[in-house]
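> Provided herewith is a single structure, encoded as structure tokens, for subsequent inquiry.
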Amino acid sequence: MDNPEKYLTTAGGRITCLRCSAMSKQSRLQCRKPALNLSRTQKCGHHGGKSTGPLTAEGKARIGKAHLLHGEETNQRKLERSEGALKLAQLEDVAHAIGLITTAPRTPGRKPLGYRAIRTLEEAKAWVVEDALQQIKAAPEAE
Ligand SMILES: [Zn+2]
């Protein structure tokens, strides 16, 4: 159901009231309970109609801080994952270029940021040397 019913008729047609606008994710059906009068969001008590949300300025600030968008992953972690995916994609290209993988198809889909296709043996050698140099640079110096 795309457009939720706004009103609900109950008690044998004698009472018409606002209907809860919550939709079931599973069955795609609208909630059949009446919305609470105090509810600004037109929801029944079961679907959050009793909630007032944060009322004080302090509470609003706390909730705003707690509800980070995409808070599960920091930009640093995202960058690390992207670098890992890049290295994996480049290694796959090298394996194809040197003939290590001959039967399996290449991984489909979008390539990671910074990806350069490696098709020849010379490109594969250059990438391996470049990667080794980067690892030496990144490693902390042993004394
Ligand atoms: Zn409901």
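Chain lettering (A, B, ...) mirrors the order of the structure tokens, residue numbering begins at 1 for each chain separately, and ligand numbering begins at 1 in order of display.
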Kindly provide the residues of chain A that approach ligand 1 to within 8 Å, each paired with its closest atom pair and their distance in Å to one decimal, based on only C-alpha atoms and all ligand atoms, listed by chain and increasing number, as CSV.

residue,atom,partner,partner_atom_place_in_ligand_line,distance
A:Arg19,CA,ligand 1,1 (Zn),7.9
A:Cys20,CA,ligand 1,1 (Zn),4.7
A:Ser21,CA,ligand 1,1 (Zn),6.6
A:Ala22,CA,ligand 1,1 (Zn),5.2
A:Met23,CA,ligand 1,1 (Zn),7.9
A:Gln30,CA,ligand 1,1 (Zn),7.8
A:Cys31,CA,ligand 1,1 (Zn),4.6
A:Arg32,CA,ligand 1,1 (Zn),6.6
A:Lys33,CA,ligand 1,1 (Zn),5.4
A:Pro34,CA,ligand 1,1 (Zn),7.2
A:Ala35,CA,ligand 1,1 (Zn),6.9
A:Lys43,CA,ligand 1,1 (Zn),5.4
A:Cys44,CA,ligand 1,1 (Zn),4.3
A:Gly45,CA,ligand 1,1 (Zn),6.7
A:His46,CA,ligand 1,1 (Zn),5.4
A:His47,CA,ligand 1,1 (Zn),4.7
A:Gly48,CA,ligand 1,1 (Zn),7.8
> Mind dumping the selected residues with C-alpha atoms as a PDB file, in the first residue's frame?

ATOM      1  CA  ARG A  19      -5.561   6.088  11.728  1.00  0.00           C
ATOM      2  CA  CYS A  20      -1.986   5.186  12.654  1.00  0.00           C
ATOM      3  CA  SER A  21       0.192   5.732   9.610  1.00  0.00           C
ATOM      4  CA  ALA A  22       2.838   3.108  10.498  1.00  0.00           C
ATOM      5  CA  MET A  23       3.484   0.555   7.767  1.00  0.00           C
ATOM      6  CA  GLN A  30      -0.788  -0.231   7.455  1.00  0.00           C
ATOM      7  CA  CYS A  31      -1.286  -0.429  11.217  1.00  0.00           C
ATOM      8  CA  ARG A  32      -4.995  -0.839  12.039  1.00  0.00           C
ATOM      9  CA  LYS A  33      -5.020   1.030  15.359  1.00  0.00           C
ATOM     10  CA  PRO A  34      -6.303   4.591  15.788  1.00  0.00           C
ATOM     11  CA  ALA A  35      -3.672   7.317  16.111  1.00  0.00           C
ATOM     12  CA  LYS A  43       0.904   7.195  15.245  1.00  0.00           C
ATOM     13  CA  CYS A  44      -0.669   4.843  17.744  1.00  0.00           C
ATOM     14  CA  GLY A  45       0.953   4.256  21.133  1.00  0.00           C
ATOM     15  CA  HIS A  46       2.508   1.079  19.781  1.00  0.00           C
ATOM     16  CA  HIS A  47       4.336   2.904  16.968  1.00  0.00           C
ATOM     17  CA  GLY A  48       5.742   5.881  18.813  1.00  0.00           C
TER      18      GLY A  48
END
> When DSSP is applied to the backbone of this structure, which of range 6-137 of chain A are assigned alpha helix (DSSP H)? Write them out as a ChimeraX atom specification.
/A:57-66,75-97,121-137
> Can you tell me, as a PyMOL selection string, what residues are no more than 12 Å from Gly99 in chain A when counting only C-alpha atoms, ignoring any on the same chain fewer than 5 positions away?
chain A and resi 92-94+104+119-121+124
> For the residues in that selection, give me C-alpha atoms as a PDB file, in the first residue's frame.

ATOM      1  CA  GLU A  92      44.064  -9.795  -8.826  1.00  0.00           C
ATOM      2  CA  ASP A  93      45.263  -7.946 -11.945  1.00  0.00           C
ATOM      3  CA  VAL A  94      48.861  -8.991 -11.269  1.00  0.00           C
ATOM      4  CA  ALA A 104      38.515 -17.684 -13.116  1.00  0.00           C
ATOM      5  CA  ARG A 119      47.300  -5.948 -18.131  1.00  0.00           C
ATOM      6  CA  THR A 120      50.917  -6.649 -19.102  1.00  0.00           C
ATOM      7  CA  LEU A 121      53.790  -8.390 -17.346  1.00  0.00           C
ATOM      8  CA  ALA A 124      52.746  -6.075 -13.067  1.00  0.00           C
TER       9      ALA A 124
END
> Considering only C-alpha atoms, can you say which of A:Arg14, A:Lys6, A:Arg81, A:Lys87 comes closest to Val128 in chain A?
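That would be A:Lys87, the residue with the smallest distance to Val128 in chain A.
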> Could you name the residues that touch Arg106 in chain A at 12 Å or less, counting only C-alpha atoms, but leaving out those on the same chain fewer than 4 positions away, as an MDAnalysis selection string?
chainID A and resid 88:97 101:102 110:111 117 119
> For Gly84 in chain A, which residue among A:Leu8, A:Leu113, A:Leu100, A:Ile63 is the nearest when counting only C-alpha atoms?
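Smallest distance to Gly84 in chain A is found for A:Leu113.
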> Return as a ChimeraX atom specification the full set of residues in range 14-142 of chain A whose backbone-based DSSP assignment is strand (DSSP E).
/A:15-18
> Suppose we keep N, CA, C and O atoms; can you now write the selection as a short mmCIF file (atom, residue, chain, number, x, y, z; two decimals), in the first residue's frame?

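out.cif was written with the following content:
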data_model
loop_
_atom_site.label_atom_id
_atom_site.label_comp_id
_atom_site.auth_asym_id
_atom_site.auth_seq_id
_atom_site.Cartn_x
_atom_site.Cartn_y
_atom_site.Cartn_z
N ILE A 15 -17.82 5.84 14.81
CA ILE A 15 -16.66 6.66 15.17
C ILE A 15 -15.68 6.70 14.00
O ILE A 15 -15.31 5.66 13.48
N THR A 16 -15.33 7.90 13.60
CA THR A 16 -14.27 8.08 12.60
C THR A 16 -13.14 8.85 13.26
O THR A 16 -13.37 9.89 13.86
N CYS A 17 -11.96 8.31 13.15
CA CYS A 17 -10.82 8.94 13.80
C CYS A 17 -9.59 8.81 12.91
O CYS A 17 -9.62 8.12 11.90
N LEU A 18 -8.52 9.48 13.32
CA LEU A 18 -7.26 9.37 12.58
C LEU A 18 -6.71 7.96 12.74
O LEU A 18 -6.80 7.37 13.81
#
> Write out as a compact mmCIF listing (two decimals) with N, CA and C atoms, in the first residue's frame each polymer residue whose atoms come within 10 Å of Gly114 in chain A, counting only C-alpha atoms; drop sequence neighbours fewer than 6 positions from it.

# COMPACT_ATOMS: atom_id res chain seq x y z
N SER A 82 39.06 1.15 1.76
CA SER A 82 39.23 1.46 0.35
C SER A 82 40.64 1.09 -0.13
N GLU A 83 41.65 1.38 0.71
CA GLU A 83 43.03 1.03 0.35
C GLU A 83 43.21 -0.48 0.27
N LEU A 86 41.65 -1.66 -2.91
CA LEU A 86 42.50 -1.28 -4.04
C LEU A 86 43.64 -2.28 -4.20
N LYS A 87 44.27 -2.62 -3.08
CA LYS A 87 45.39 -3.55 -3.13
C LYS A 87 44.92 -4.92 -3.63
> At what distance in Å, to one decimal, does CA of Glu80 in chain A lie from CA of Lys125 in chain A?
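Answer for the CA of Lys125 in chain A to CA of Glu80 in chain A separation: 24.3 Å.
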> Expressed in Å to a single decimal, how great is the separation between CA of Ala126 in chain A and CA of Pro112 in chain A?
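Pair CA of Ala126 in chain A / CA of Pro112 in chain A returns 19.4 Å.
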> Could you jot down the CA of Lys78 in chain A to CA of Ile118 in chain A separation for me, Å, one decimal place?
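Calculated distance between CA of Lys78 in chain A and CA of Ile118 in chain A is 24.3 Å.
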> Go through A:Asn3, A:Ala85, A:Glu122, A:Arg40 and flag the residue nearest Thr107 in chain A, using only C-alpha atoms for the distances.
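Once distances to Thr107 in chain A are computed over only C-alpha atoms, the minimum belongs to A:Ala85.
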